[in-house]
file upload-v9.pdb (PDB, C-alpha atoms)
ATOM      1  CA  MET A   1      29.682 196.949  75.718
ATOM      2  CA  TYR A   2      32.059 199.580  74.467
ATOM      3  CA  THR A   3      31.379 200.488  70.866
ATOM      4  CA  ARG A   4      34.154 201.546  68.522
ATOM      5  CA  THR A   5      32.908 205.153  68.712
ATOM      6  CA  ALA A   6      33.087 205.091  72.499
ATOM      7  CA  MET A   7      36.606 203.687  72.431
ATOM      8  CA  LEU A   8      37.743 206.367  69.996
ATOM      9  CA  ALA A   9      36.208 209.086  72.156
ATOM     10  CA  LEU A  10      37.975 207.754  75.230
ATOM     11  CA  ALA A  11      41.270 207.537  73.376
ATOM     12  CA  LEU A  12      40.964 211.075  72.000
ATOM     13  CA  SER A  13      40.125 212.485  75.401
ATOM     14  CA  ALA A  14      43.024 210.626  76.968
ATOM     15  CA  ALA A  15      45.425 211.891  74.318
ATOM     16  CA  VAL A  16      44.551 215.450  75.309
ATOM     17  CA  LEU A  17      44.499 214.946  79.054
ATOM     18  CA  THR A  18      47.663 212.895  79.474
ATOM     19  CA  GLY A  19      49.638 216.000  78.549
ATOM     20  CA  CYS A  20      49.457 216.829  82.270
ATOM     21  CA  GLY A  21      52.089 214.205  82.984
ATOM     22  CA  ARG A  22      52.791 210.628  83.932
ATOM     23  CA  SER A  23      54.630 208.921  86.770
ATOM     24  CA  ARG A  24      56.881 205.896  87.217
ATOM     25  CA  ILE A  25      57.415 204.776  90.815
ATOM     26  CA  THR A  26      60.233 202.263  91.399
ATOM     27  CA  THR A  27      60.929 200.388  94.639
ATOM     28  CA  GLN A  28      64.239 198.546  95.094
ATOM     29  CA  ILE A  29      64.396 196.120  98.048
ATOM     30  CA  LYS A  30      67.853 195.177  99.334
ATOM     31  CA  ALA A  31      68.966 191.972 101.034
ATOM     32  CA  ASP A  32      69.127 193.612 104.479
ATOM     33  CA  GLY A  33      65.515 194.835 104.248
ATOM     34  CA  SER A  34      66.336 198.447 103.498
ATOM     35  CA  TRP A  35      64.777 199.853 100.362
ATOM     36  CA  SER A  36      64.997 202.766  97.993
ATOM     37  CA  ARG A  37      62.347 204.724  96.170
ATOM     38  CA  THR A  38      62.733 206.494  92.831
ATOM     39  CA  ASP A  39      59.792 208.607  91.650
ATOM     40  CA  VAL A  40      59.987 209.927  88.094
ATOM     41  CA  PHE A  41      57.437 212.452  86.842
ATOM     42  CA  THR A  42      57.383 213.305  83.144
ATOM     43  CA  GLY A  43      55.295 215.884  81.302
ATOM     44  CA  ALA A  44      55.296 218.254  78.382
ATOM     45  CA  GLU A  45      56.623 221.747  78.824
ATOM     46  CA  LYS A  46      53.848 224.295  79.223
ATOM     47  CA  LYS A  47      52.927 225.938  75.938
ATOM     48  CA  GLU A  48      50.620 228.842  75.233
ATOM     49  CA  GLY A  49      47.095 227.729  74.381
ATOM     50  CA  SER A  50      47.499 224.249  75.862
ATOM     51  CA  MET A  51      44.582 223.030  77.983
ATOM     52  CA  ALA A  52      46.822 220.535  79.811
ATOM     53  CA  PRO A  53      47.936 221.726  83.274
ATOM     54  CA  ASP A  54      51.553 221.883  84.426
ATOM     55  CA  MET A  55      52.823 218.840  86.279
ATOM     56  CA  GLU A  56      52.830 220.987  89.424
ATOM     57  CA  GLU A  57      49.065 221.331  89.008
ATOM     58  CA  THR A  58      48.672 217.562  88.743
ATOM     59  CA  PHE A  59      51.136 216.130  91.271
ATOM     60  CA  ALA A  60      52.117 217.049  94.809
ATOM     61  CA  PHE A  61      55.778 216.109  94.558
ATOM     62  CA  PRO A  62      57.630 214.315  97.389
ATOM     63  CA  LYS A  63      59.208 216.591  99.957
ATOM     64  CA  GLY A  64      60.769 216.459 103.384
ATOM     65  CA  PRO A  65      63.876 214.911 104.957
ATOM     66  CA  GLY A  66      65.671 212.258 102.943
ATOM     67  CA  TRP A  67      64.437 213.218  99.498
ATOM     68  CA  LYS A  68      66.884 214.230  96.785
ATOM     69  CA  SER A  69      65.690 215.588  93.462
ATOM     70  CA  HIS A  70      66.843 216.811  90.100
ATOM     71  CA  GLU A  71      65.232 217.980  86.865
ATOM     72  CA  GLU A  72      66.221 217.494  83.250
ATOM     73  CA  LYS A  73      64.719 217.968  79.817
ATOM     74  CA  LYS A  74      64.302 215.281  77.173
ATOM     75  CA  ASN A  75      63.080 216.513  73.809
ATOM     76  CA  ASP A  76      60.026 218.652  74.662
ATOM     77  CA  GLU A  77      59.418 217.037  78.042
ATOM     78  CA  ARG A  78      60.367 217.860  81.617
ATOM     79  CA  VAL A  79      61.590 214.971  83.754
ATOM     80  CA  LEU A  80      61.618 215.379  87.546
ATOM     81  CA  THR A  81      63.269 212.619  89.586
ATOM     82  CA  PHE A  82      62.969 212.187  93.366
ATOM     83  CA  GLU A  83      65.007 209.606  95.293
ATOM     84  CA  ARG A  84      65.051 208.404  98.880
ATOM     85  CA  ASN A  85      66.541 205.549 100.924
ATOM     86  CA  LEU A  86      64.473 203.938 103.673
ATOM     87  CA  ALA A  87      65.354 201.738 106.631
ATOM     88  CA  PRO A  88      64.110 198.146 107.045
ATOM     89  CA  GLY A  89      60.456 198.092 108.040
ATOM     90  CA  ALA A  90      59.887 201.746 107.149
ATOM     91  CA  SER A  91      56.723 202.948 105.452
ATOM     92  CA  LEU A  92      56.111 205.814 103.085
ATOM     93  CA  LYS A  93      52.970 207.856 102.483
ATOM     94  CA  GLY A  94      51.961 210.368  99.856
ATOM     95  CA  ASP A  95      55.000 210.368  97.585
ATOM     96  CA  LEU A  96      52.480 209.803  94.803
ATOM     97  CA  SER A  97      49.706 212.336  95.340
ATOM     98  CA  LEU A  98      47.401 213.711  92.660
ATOM     99  CA  LYS A  99      45.893 217.109  93.214
ATOM    100  CA  GLY A 100      42.205 217.997  93.020
ATOM    101  CA  GLU A 101      40.629 221.248  94.095
ATOM    102  CA  PRO A 102      42.965 223.628  95.973
ATOM    103  CA  GLY A 103      44.135 222.026  99.183
ATOM    104  CA  LYS A 104      42.688 218.601  98.314
ATOM    105  CA  MET A 105      44.134 215.393  96.922
ATOM    106  CA  ILE A 106      42.186 212.942  94.805
ATOM    107  CA  LEU A 107      44.654 210.047  95.052
ATOM    108  CA  VAL A 108      47.268 209.229  97.696
ATOM    109  CA  ASN A 109      49.460 206.194  98.276
ATOM    110  CA  THR A 110      50.965 204.282 101.187
ATOM    111  CA  ALA A 111      53.905 201.906 100.665
ATOM    112  CA  THR A 112      55.502 199.436 103.081
ATOM    113  CA  VAL A 113      58.205 196.768 102.891
ATOM    114  CA  SER A 114      57.944 194.119 105.609
ATOM    115  CA  SER A 115      60.228 191.241 106.578
ATOM    116  CA  LEU A 116      58.674 187.766 106.600
ATOM    117  CA  GLY A 117      61.585 185.672 107.832
ATOM    118  CA  ASP A 118      63.634 184.918 104.731
ATOM    119  CA  ARG A 119      61.172 186.834 102.544
ATOM    120  CA  PHE A 120      60.114 190.427 101.973
ATOM    121  CA  GLU A 121      56.620 191.691 101.221
ATOM    122  CA  TYR A 122      56.048 194.877  99.257
ATOM    123  CA  ARG A 123      52.591 196.357  99.720
ATOM    124  CA  GLU A 124      51.283 199.600  98.249
ATOM    125  CA  THR A 125      47.778 200.979  98.604
ATOM    126  CA  LEU A 126      46.245 203.605  96.328
ATOM    127  CA  HIS A 127      43.333 205.446  97.935
ATOM    128  CA  TRP A 128      40.892 207.572  95.935
ATOM    129  CA  SER A 129      39.357 210.655  97.557
ATOM    130  CA  GLY A 130      38.109 212.425  94.444
ATOM    131  CA  SER A 131      34.611 212.331  92.982
ATOM    132  CA  PRO A 132      32.969 208.894  92.890
ATOM    133  CA  ALA A 133      33.213 207.020  89.626
ATOM    134  CA  ASP A 134      30.741 208.564  87.187
ATOM    135  CA  LEU A 135      28.953 205.405  86.112
ATOM    136  CA  GLU A 136      25.941 206.040  83.990
ATOM    137  CA  LYS A 137      22.742 204.364  85.177
ATOM    138  CA  THR A 138      21.617 201.418  83.112
ATOM    139  CA  LYS A 139      19.105 202.624  80.563
ATOM    140  CA  PRO A 140      15.623 201.055  80.497
ATOM    141  CA  GLU A 141      16.178 199.807  76.949
ATOM    142  CA  ALA A 142      19.333 197.998  78.092
ATOM    143  CA  LEU A 143      17.375 196.263  80.857
ATOM    144  CA  VAL A 144      14.855 195.165  78.235
ATOM    145  CA  LYS A 145      17.651 193.634  76.142
ATOM    146  CA  ILE A 146      19.015 191.779  79.159
ATOM    147  CA  LYS A 147      15.602 190.345  79.986
ATOM    148  CA  GLU A 148      15.086 189.319  76.369
ATOM    149  CA  ALA A 149      18.375 187.414  76.420
ATOM    150  CA  LEU A 150      17.642 185.570  79.671
ATOM    151  CA  PRO A 151      15.458 182.441  79.921
ATOM    152  CA  LYS A 152      11.861 183.481  80.620
ATOM    153  CA  PRO A 153      11.727 182.134  84.205
ATOM    154  CA  LEU A 154      14.781 184.276  85.062
ATOM    155  CA  ALA A 155      13.873 187.353  83.007
ATOM    156  CA  THR A 156      12.867 189.578  85.914
ATOM    157  CA  ASP A 157      13.605 193.241  86.517
ATOM    158  CA  ALA A 158      15.564 192.343  89.653
ATOM    159  CA  ASN A 159      17.787 189.857  87.831
ATOM    160  CA  ALA A 160      18.421 192.296  84.988
ATOM    161  CA  ARG A 161      19.366 195.118  87.349
ATOM    162  CA  THR A 162      21.685 192.893  89.398
ATOM    163  CA  LEU A 163      23.466 191.647  86.287
ATOM    164  CA  ALA A 164      23.848 195.198  84.944
ATOM    165  CA  ALA A 165      25.173 196.527  88.271
ATOM    166  CA  LYS A 166      27.808 193.793  88.534
ATOM    167  CA  ALA A 167      28.886 194.440  84.953
ATOM    168  CA  GLN A 168      29.286 198.154  85.678
ATOM    169  CA  GLU A 169      31.595 197.402  88.611
ATOM    170  CA  MET A 170      33.830 195.300  86.383
ATOM    171  CA  ILE A 171      34.148 197.916  83.646
ATOM    172  CA  VAL A 172      36.399 200.219  85.707
ATOM    173  CA  PRO A 173      39.337 197.784  86.068
ATOM    174  CA  LEU A 174      38.786 196.660  82.488
ATOM    175  CA  MET A 175      39.355 200.189  81.211
ATOM    176  CA  PHE A 176      41.739 201.650  83.812
ATOM    177  CA  GLY A 177      43.768 198.667  85.077
ATOM    178  CA  PRO A 178      45.772 197.399  86.819
ATOM    179  CA  GLY A 179      46.852 194.951  84.166
ATOM    180  CA  GLU A 180      46.537 195.997  80.563
ATOM    181  CA  PRO A 181      44.205 199.034  80.599
ATOM    182  CA  LEU A 182      42.124 199.055  77.447
ATOM    183  CA  LEU A 183      42.151 202.838  77.567
ATOM    184  CA  ALA A 184      45.904 202.844  76.897
ATOM    185  CA  LEU A 185      45.538 200.439  74.003
ATOM    186  CA  GLY A 186      42.762 202.590  72.557
ATOM    187  CA  LEU A 187      45.240 205.461  72.191
ATOM    188  CA  VAL A 188      47.308 203.655  69.596
ATOM    189  CA  HIS A 189      45.081 200.952  68.101
ATOM    190  CA  PRO A 190      41.318 201.517  68.523
ATOM    191  CA  ASP A 191      40.355 198.489  66.422
ATOM    192  CA  LEU A 192      42.494 196.161  68.522
ATOM    193  CA  ALA A 193      41.136 197.783  71.680
ATOM    194  CA  GLU A 194      37.597 197.084  70.531
ATOM    195  CA  ARG A 195      38.483 193.453  69.776
ATOM    196  CA  ARG A 196      40.057 193.027  73.221
ATOM    197  CA  ALA A 197      37.035 194.706  74.819
ATOM    198  CA  ARG A 198      34.705 192.218  73.139
ATOM    199  CA  GLN A 199      36.824 189.305  74.325
ATOM    200  CA  ARG A 200      37.144 190.517  77.897
ATOM    201  CA  ILE A 201      33.529 191.575  78.203
ATOM    202  CA  GLY A 202      32.468 188.184  76.864
ATOM    203  CA  THR A 203      34.563 186.420  79.491
ATOM    204  CA  MET A 204      33.193 188.746  82.161
ATOM    205  CA  MET A 205      29.625 188.066  81.116
ATOM    206  CA  LEU A 206      30.111 184.297  81.291
ATOM    207  CA  LYS A 207      31.462 184.591  84.825
ATOM    208  CA  LEU A 208      28.697 186.954  85.916
ATOM    209  CA  LEU A 209      26.030 184.615  84.543
ATOM    210  CA  GLN A 210      27.661 181.655  86.297
ATOM    211  CA  ASP A 211      27.941 183.520  89.606
ATOM    212  CA  GLN A 212      24.392 184.880  89.512
ATOM    213  CA  PHE A 213      22.452 181.938  88.130
ATOM    214  CA  GLY A 214      24.679 178.889  88.584
ATOM    215  CA  GLU A 215      23.269 175.743  87.009
ATOM    216  CA  GLN A 216      19.911 177.403  86.364
ATOM    217  CA  ILE A 217      21.485 178.286  83.019
ATOM    218  CA  PRO A 218      23.526 175.495  81.332
ATOM    219  CA  ALA A 219      27.005 176.365  80.036
ATOM    220  CA  ASP A 220      26.017 176.377  76.347
ATOM    221  CA  GLU A 221      23.082 178.701  77.076
ATOM    222  CA  ARG A 222      25.328 181.068  79.047
ATOM    223  CA  LEU A 223      27.544 181.407  75.979
ATOM    224  CA  ASP A 224      24.535 182.188  73.765
ATOM    225  CA  ILE A 225      23.267 184.795  76.245
ATOM    226  CA  ALA A 226      26.677 186.490  76.451
ATOM    227  CA  ARG A 227      26.874 186.635  72.660
ATOM    228  CA  LYS A 228      23.377 188.108  72.434
ATOM    229  CA  LEU A 229      24.137 190.806  74.977
ATOM    230  CA  ILE A 230      27.291 191.829  73.148
ATOM    231  CA  SER A 231      25.755 191.717  69.668
ATOM    232  CA  GLU A 232      22.811 193.794  70.874
ATOM    233  CA  GLY A 233      25.205 196.420  72.138
ATOM    234  CA  PHE A 234      24.509 195.799  75.835
ATOM    235  CA  SER A 235      25.584 199.067  77.420
ATOM    236  CA  MET A 236      27.765 198.452  80.446
ATOM    237  CA  SER A 237      28.114 202.086  81.431
ATOM    238  CA  ARG A 238      31.444 203.824  80.945
ATOM    239  CA  PRO A 239      33.155 206.538  82.978
ATOM    240  CA  SER A 240      32.613 209.950  81.440
ATOM    241  CA  THR A 241      35.507 211.826  79.851
ATOM    242  CA  PRO A 242      35.699 215.450  78.780
ATOM    243  CA  ASP A 243      35.032 216.459  75.194
ATOM    244  CA  PRO A 244      38.435 217.585  73.834
ATOM    245  CA  SER A 245      36.773 220.007  71.396
ATOM    246  CA  SER A 246      34.828 221.799  74.119
ATOM    247  CA  GLY A 247      37.775 223.756  75.473
ATOM    248  CA  ASP A 248      36.773 222.827  79.022
ATOM    249  CA  LYS A 249      39.532 222.123  81.492
ATOM    250  CA  PRO A 250      39.771 218.614  82.979
ATOM    251  CA  ASP A 251      37.712 217.973  86.093
ATOM    252  CA  LYS A 252      39.929 218.687  89.091
ATOM    253  CA  ASN A 253      38.206 215.874  90.980
ATOM    254  CA  SER A 254      39.144 213.271  88.362
ATOM    255  CA  GLY A 255      42.573 211.793  87.767
ATOM    256  CA  GLY A 256      42.864 213.457  84.369
ATOM    257  CA  LEU A 257      43.655 210.005  82.929
ATOM    258  CA  THR A 258      47.254 210.292  84.118
ATOM    259  CA  PRO A 259      49.278 207.134  83.346
ATOM    260  CA  LEU A 260      50.830 205.514  86.419
ATOM    261  CA  MET A 261      53.472 202.777  86.518
ATOM    262  CA  PHE A 262      54.702 200.990  89.641
ATOM    263  CA  ILE A 263      57.795 198.777  89.557
ATOM    264  CA  VAL A 264      59.332 196.738  92.370
ATOM    265  CA  HIS A 265      62.561 194.742  92.369
ATOM    266  CA  GLY A 266      63.495 192.395  95.204
ATOM    267  CA  PRO A 267      66.698 190.685  96.335
ATOM    268  CA  GLY A 268      65.587 187.266  95.121
ATOM    269  CA  ARG A 269      62.956 185.502  93.064
ATOM    270  CA  VAL A 270      59.302 186.512  93.049
ATOM    271  CA  VAL A 271      57.294 184.156  95.266
ATOM    272  CA  SER A 272      53.876 185.730  94.697
ATOM    273  CA  SER A 273      52.347 188.947  93.415
ATOM    274  CA  ASN A 274      49.177 190.425  91.941
ATOM    275  CA  GLY A 275      51.143 192.304  89.279
ATOM    276  CA  ASP A 276      52.844 191.346  86.037
ATOM    277  CA  VAL A 277      56.200 189.603  86.466
ATOM    278  CA  ASP A 278      59.000 190.429  84.052
ATOM    279  CA  GLU A 279      60.954 187.176  84.003
ATOM    280  CA  PHE A 280      63.876 188.831  82.208
ATOM    281  CA  SER A 281      64.481 191.606  84.744
ATOM    282  CA  GLY A 282      62.998 189.903  87.808
ATOM    283  CA  GLU A 283      60.765 192.924  88.389
ATOM    284  CA  VAL A 284      57.044 193.112  89.111
ATOM    285  CA  TYR A 285      55.055 195.971  87.593
ATOM    286  CA  TRP A 286      51.569 197.438  87.478
ATOM    287  CA  ALA A 287      50.242 199.821  84.814
ATOM    288  CA  LEU A 288      47.068 201.742  85.532
ATOM    289  CA  PHE A 289      45.269 205.077  85.562
ATOM    290  CA  PRO A 290      44.195 206.831  88.811
ATOM    291  CA  GLU A 291      40.515 206.124  88.124
ATOM    292  CA  ALA A 292      41.257 202.436  88.728
ATOM    293  CA  ALA A 293      40.951 203.225  92.444
ATOM    294  CA  SER A 294      37.693 205.176  92.103
ATOM    295  CA  LEU A 295      35.475 202.280  93.242
ATOM    296  CA  LYS A 296      37.748 200.799  95.930
ATOM    297  CA  ASP A 297      41.354 200.939  97.106
ATOM    298  CA  ILE A 298      43.893 199.356  94.800
ATOM    299  CA  VAL A 299      46.414 197.208  96.670
ATOM    300  CA  LEU A 300      49.646 196.169  94.938
ATOM    301  CA  THR A 301      51.520 193.255  96.537
ATOM    302  CA  ALA A 302      54.652 191.236  95.817
ATOM    303  CA  VAL A 303      56.653 188.778  97.929
ATOM    304  CA  PHE A 304      60.334 188.074  97.247
ATOM    305  CA  GLU A 305      62.759 185.499  98.600
ATOM    306  CA  GLY A 306      66.160 186.640  99.739
ATOM    307  CA  GLY A 307      65.541 188.179 103.160
ATOM    308  CA  GLN A 308      67.820 187.657 106.123
ATOM    309  CA  LYS A 309      66.719 185.042 108.659
TER
END
call {"tool": "encode", "arguments": {"input": "upload-v9.pdb", "output": "C-alpha cells"}}
result
Amino acid sequence: MYTRTAMLALALSAAVLTGCGRSRITTQIKADGSWSRTDVFTGAEKKEGSMAPDMEETFAFPKGPGWKSHEEKKNDERVLTFERNLAPGASLKGDLSLKGEPGKMILVNTATVSSLGDRFEYRETLHWSGSPADLEKTKPEALVKIKEALPKPLATDANARTLAAKAQEMIVPLMFGPGEPLLALGLVHPDLAERRARQRIGTMMLKLLQDQFGEQIPADERLDIARKLISEGFSMSRPSTPDPSSGDKPDKNSGGLTPLMFIVHGPGRVVSSNGDVDEFSGEVYWALFPEAASLKDIVLTAVFEGGQK
C-alpha cells in the first residue's frame, strides 16, 4: 500500500512538475451532429531558475486548417486557447499531444463523434507511446507477507506473485485516474489521500481475492486477509517520480504528471458514459494524468440523446 511518506513524495514531485502546464479539452456536440472543440492550455510563465519546461516543450499544440487560436495572461499564467468546428461524423487526431524526446510524442489522442439514430456517441482514445510504466518488482519480503496472510493450502509462491501482479496493475488508475486521481488529492491533503488510498486498496484487495480464489476463501476471511496485507504495509509498487531536490529535469519519456481534463456536452440527456456526469450542467468529464494510459489505452465514451433521426 501507499504509505504517508510515499504519498507526500508523490505530491511534492507533482507540485514541481505540474508547472509545465495543464490542459482542458472541451467537446460540444450540436443537434445536427456537428461539433466544436476548444483546447485550453495553461501554464506558468517561464522564470529564471525554474526546472519546469515551457508549455511548448510539453505540448504539441493543434495546428492546420480550421484552427483558430489566441493567447492571454491571467495572473502569472499563460493561457492558450485553440478552437475548431467539425462536420457531422468527423474525427480529430493529435490535438492533445504530449512531447517526449525530440521528434517523438509520448501521448496522442483520437476523438470521434458518431450518429446512432437519435443519439450521438462521443469516443476519445488516449494512446501512450512513452516509456512503459515503471512498476517496481514485488520485493521478496512482500511475497512472504502475502503468503503469511493467505490460508496455508493457498500460500504458494505462484499465488502470491499472481496476487501482487494484479494489484500492481490496479495501482496506476488508482493514482492517475480517470476518476478521482489520488495523486491530485495528495497535493492538497496528504492525510485524506492516505485515508482514501487505504479504503480503495482495501476494496481492490477484496475483489482480487474473490477473483483469484473464489469460495476457497470465505468472505469473512477475505476481509481479514485484506486488513492484514494493508496493516503489514503490503507494497503494491508505485510509479517512480523524480526527486524535486535533485535538480534533475523531468523524464522526457514520462508525462511529467501534467493534469488533463476532458469535458463533453451533448444536445440532450446523457444516456451512458464511463466518466463523471455533472447533473447541474449536463456535462460529462474525466480528470486524469497522462500516466493513466501507460499500461493500456484509455477510452472515454459518452452517449447523448438528441440526435436527428
call {"tool": "atom_distance", "arguments": {"input": "upload-v9.pdb", "atom1": "atom CA of A:Lys104", "atom2": "atom CA of A:Asp54"}}
result
16.8 Å
call {"tool": "residues_around", "arguments": {"input": "upload-v9.pdb", "residues": "A:Ala155", "least_positions_apart": "2", "cutoff": "12 Å", "atoms": "all atoms listed in the file", "output": "ChimeraX atom specification"}}
result
/A:143-153,157-163,213,217,225
call {"tool": "write_last_selection", "arguments": {"input": "upload-v9.pdb", "atoms": "C-alpha atoms", "output": "PDB file, in the frame of the given file"}}
result
ATOM      1  CA  LEU A 143      17.375 196.263  80.857  1.00  0.00           C
ATOM      2  CA  VAL A 144      14.855 195.165  78.235  1.00  0.00           C
ATOM      3  CA  LYS A 145      17.651 193.634  76.142  1.00  0.00           C
ATOM      4  CA  ILE A 146      19.015 191.779  79.159  1.00  0.00           C
ATOM      5  CA  LYS A 147      15.602 190.345  79.986  1.00  0.00           C
ATOM      6  CA  GLU A 148      15.086 189.319  76.369  1.00  0.00           C
ATOM      7  CA  ALA A 149      18.375 187.414  76.420  1.00  0.00           C
ATOM      8  CA  LEU A 150      17.642 185.570  79.671  1.00  0.00           C
ATOM      9  CA  PRO A 151      15.458 182.441  79.921  1.00  0.00           C
ATOM     10  CA  LYS A 152      11.861 183.481  80.620  1.00  0.00           C
ATOM     11  CA  PRO A 153      11.727 182.134  84.205  1.00  0.00           C
ATOM     12  CA  ASP A 157      13.605 193.241  86.517  1.00  0.00           C
ATOM     13  CA  ALA A 158      15.564 192.343  89.653  1.00  0.00           C
ATOM     14  CA  ASN A 159      17.787 189.857  87.831  1.00  0.00           C
ATOM     15  CA  ALA A 160      18.421 192.296  84.988  1.00  0.00           C
ATOM     16  CA  ARG A 161      19.366 195.118  87.349  1.00  0.00           C
ATOM     17  CA  THR A 162      21.685 192.893  89.398  1.00  0.00           C
ATOM     18  CA  LEU A 163      23.466 191.647  86.287  1.00  0.00           C
ATOM     19  CA  PHE A 213      22.452 181.938  88.130  1.00  0.00           C
ATOM     20  CA  ILE A 217      21.485 178.286  83.019  1.00  0.00           C
ATOM     21  CA  ILE A 225      23.267 184.795  76.245  1.00  0.00           C
TER      22      ILE A 225
END
call {"tool": "residues_near_point", "arguments": {"input": "upload-v9.pdb", "point": "(54.9, 215.4, 93.2)", "cutoff": "9 Å", "atoms": "all atoms listed in the file", "output": "list in words"}}
result
Asp39, Phe41, Met55, Glu56, Thr58, Phe59, Ala60, Phe61, Pro62, Lys63, Leu80, Phe82, Gly94, Asp95, Leu96, Ser97 and Leu98 of chain A
call {"tool": "atom_distance", "arguments": {"input": "upload-v9.pdb", "atom1": "atom CA of A:Gln216", "atom2": "atom CA of A:Val172"}}
result
28.2 Å
call {"tool": "resolve_selection", "arguments": {"input": "upload-v9.pdb", "expression": "the PyMOL selection byres ((chain A and resi 86) around 12)", "output": "ChimeraX atom specification"}}
result
/A:27-30,32-38,65-67,83-85,87-92,111-114
call {"tool": "atom_distance", "arguments": {"input": "upload-v9.pdb", "atom1": "atom CA of A:Ser281", "atom2": "atom CA of A:Ser23"}}
result
20.0 Å
call {"tool": "closest_residue", "arguments": {"input": "upload-v9.pdb", "among": "A:Phe289, A:Tyr122, A:Trp128, A:Phe280", "to": "A:Pro173", "atoms": "only C-alpha atoms"}}
result
A:Phe289
call {"tool": "resolve_selection", "arguments": {"input": "upload-v9.pdb", "expression": "the PyMOL selection byres ((chain A and resi 120) around 7)", "output": "tab-separated table (two decimals) with C-alpha atoms, in the coordinates of the input"}}
result
chain	number	residue	atom	x	y	z
A	113	VAL	CA	58.20	196.77	102.89
A	114	SER	CA	57.94	194.12	105.61
A	115	SER	CA	60.23	191.24	106.58
A	116	LEU	CA	58.67	187.77	106.60
A	119	ARG	CA	61.17	186.83	102.54
A	121	GLU	CA	56.62	191.69	101.22
A	122	TYR	CA	56.05	194.88	99.26
A	303	VAL	CA	56.65	188.78	97.93
A	304	PHE	CA	60.33	188.07	97.25
A	305	GLU	CA	62.76	185.50	98.60
A	307	GLY	CA	65.54	188.18	103.16
call {"tool": "closest_residue", "arguments": {"input": "upload-v9.pdb", "among": "A:His70, A:Arg123, A:His265, A:Arg78", "to": "A:Leu300", "atoms": "all atoms listed in the file"}}
result
A:Arg123
call {"tool": "resolve_selection", "arguments": {"input": "upload-v9.pdb", "expression": "the PyMOL selection byres ((chain A and resi 208) around 10)", "output": "count of residues only"}}
result
20
call {"tool": "closest_residue", "arguments": {"input": "upload-v9.pdb", "among": "A:Met105, A:Gln168, A:Ile230, A:Asp224", "to": "A:Arg198", "atoms": "all atoms listed in the file"}}
result
A:Ile230
call {"tool": "residues_around", "arguments": {"input": "upload-v9.pdb", "residues": "A:Val284", "least_positions_apart": "6", "cutoff": "10 Å", "atoms": "all atoms listed in the file", "output": "PyMOL selection string"}}
result
chain A and resi 26-27+262-266+270+272-278+300-303
call {"tool": "build_atoms", "arguments": {"input": "upload-v9.pdb", "residues": "stretch 168-182 of chain A", "atoms": "N, CA and C atoms", "output": "compact mmCIF listing (two decimals), in the frame of the given file"}}
result
# COMPACT_ATOMS: atom_id res chain seq x y z
N GLN A 168 28.77 196.79 85.55
CA GLN A 168 29.29 198.15 85.68
C GLN A 168 30.51 198.19 86.59
N GLU A 169 30.47 197.43 87.68
CA GLU A 169 31.60 197.40 88.61
C GLU A 169 32.85 196.83 87.96
N MET A 170 32.69 195.94 87.01
CA MET A 170 33.83 195.30 86.38
C MET A 170 34.41 196.13 85.25
N ILE A 171 33.68 197.14 84.78
CA ILE A 171 34.15 197.92 83.65
C ILE A 171 35.29 198.85 84.03
N VAL A 172 35.34 199.29 85.29
CA VAL A 172 36.40 200.22 85.71
C VAL A 172 37.78 199.57 85.62
N PRO A 173 38.02 198.40 86.23
CA PRO A 173 39.34 197.78 86.07
C PRO A 173 39.62 197.37 84.63
N LEU A 174 38.60 197.03 83.89
CA LEU A 174 38.79 196.66 82.49
C LEU A 174 39.38 197.82 81.70
N MET A 175 38.90 199.03 81.95
CA MET A 175 39.35 200.19 81.21
C MET A 175 40.60 200.83 81.82
N PHE A 176 40.70 200.87 83.15
CA PHE A 176 41.74 201.65 83.81
C PHE A 176 42.85 200.83 84.46
N GLY A 177 42.74 199.49 84.47
CA GLY A 177 43.77 198.67 85.08
C GLY A 177 43.49 198.44 86.56
N PRO A 178 44.46 197.84 87.28
CA PRO A 178 45.77 197.40 86.82
C PRO A 178 45.66 196.25 85.82
N GLY A 179 46.81 195.96 85.21
CA GLY A 179 46.85 194.95 84.17
C GLY A 179 47.19 195.61 82.85
N GLU A 180 46.37 195.37 81.88
CA GLU A 180 46.54 196.00 80.56
C GLU A 180 45.33 196.89 80.31
N PRO A 181 45.37 198.15 80.74
CA PRO A 181 44.20 199.03 80.60
C PRO A 181 43.81 199.21 79.14
N LEU A 182 42.57 198.90 78.83
CA LEU A 182 42.12 199.06 77.45
C LEU A 182 42.17 200.50 76.99
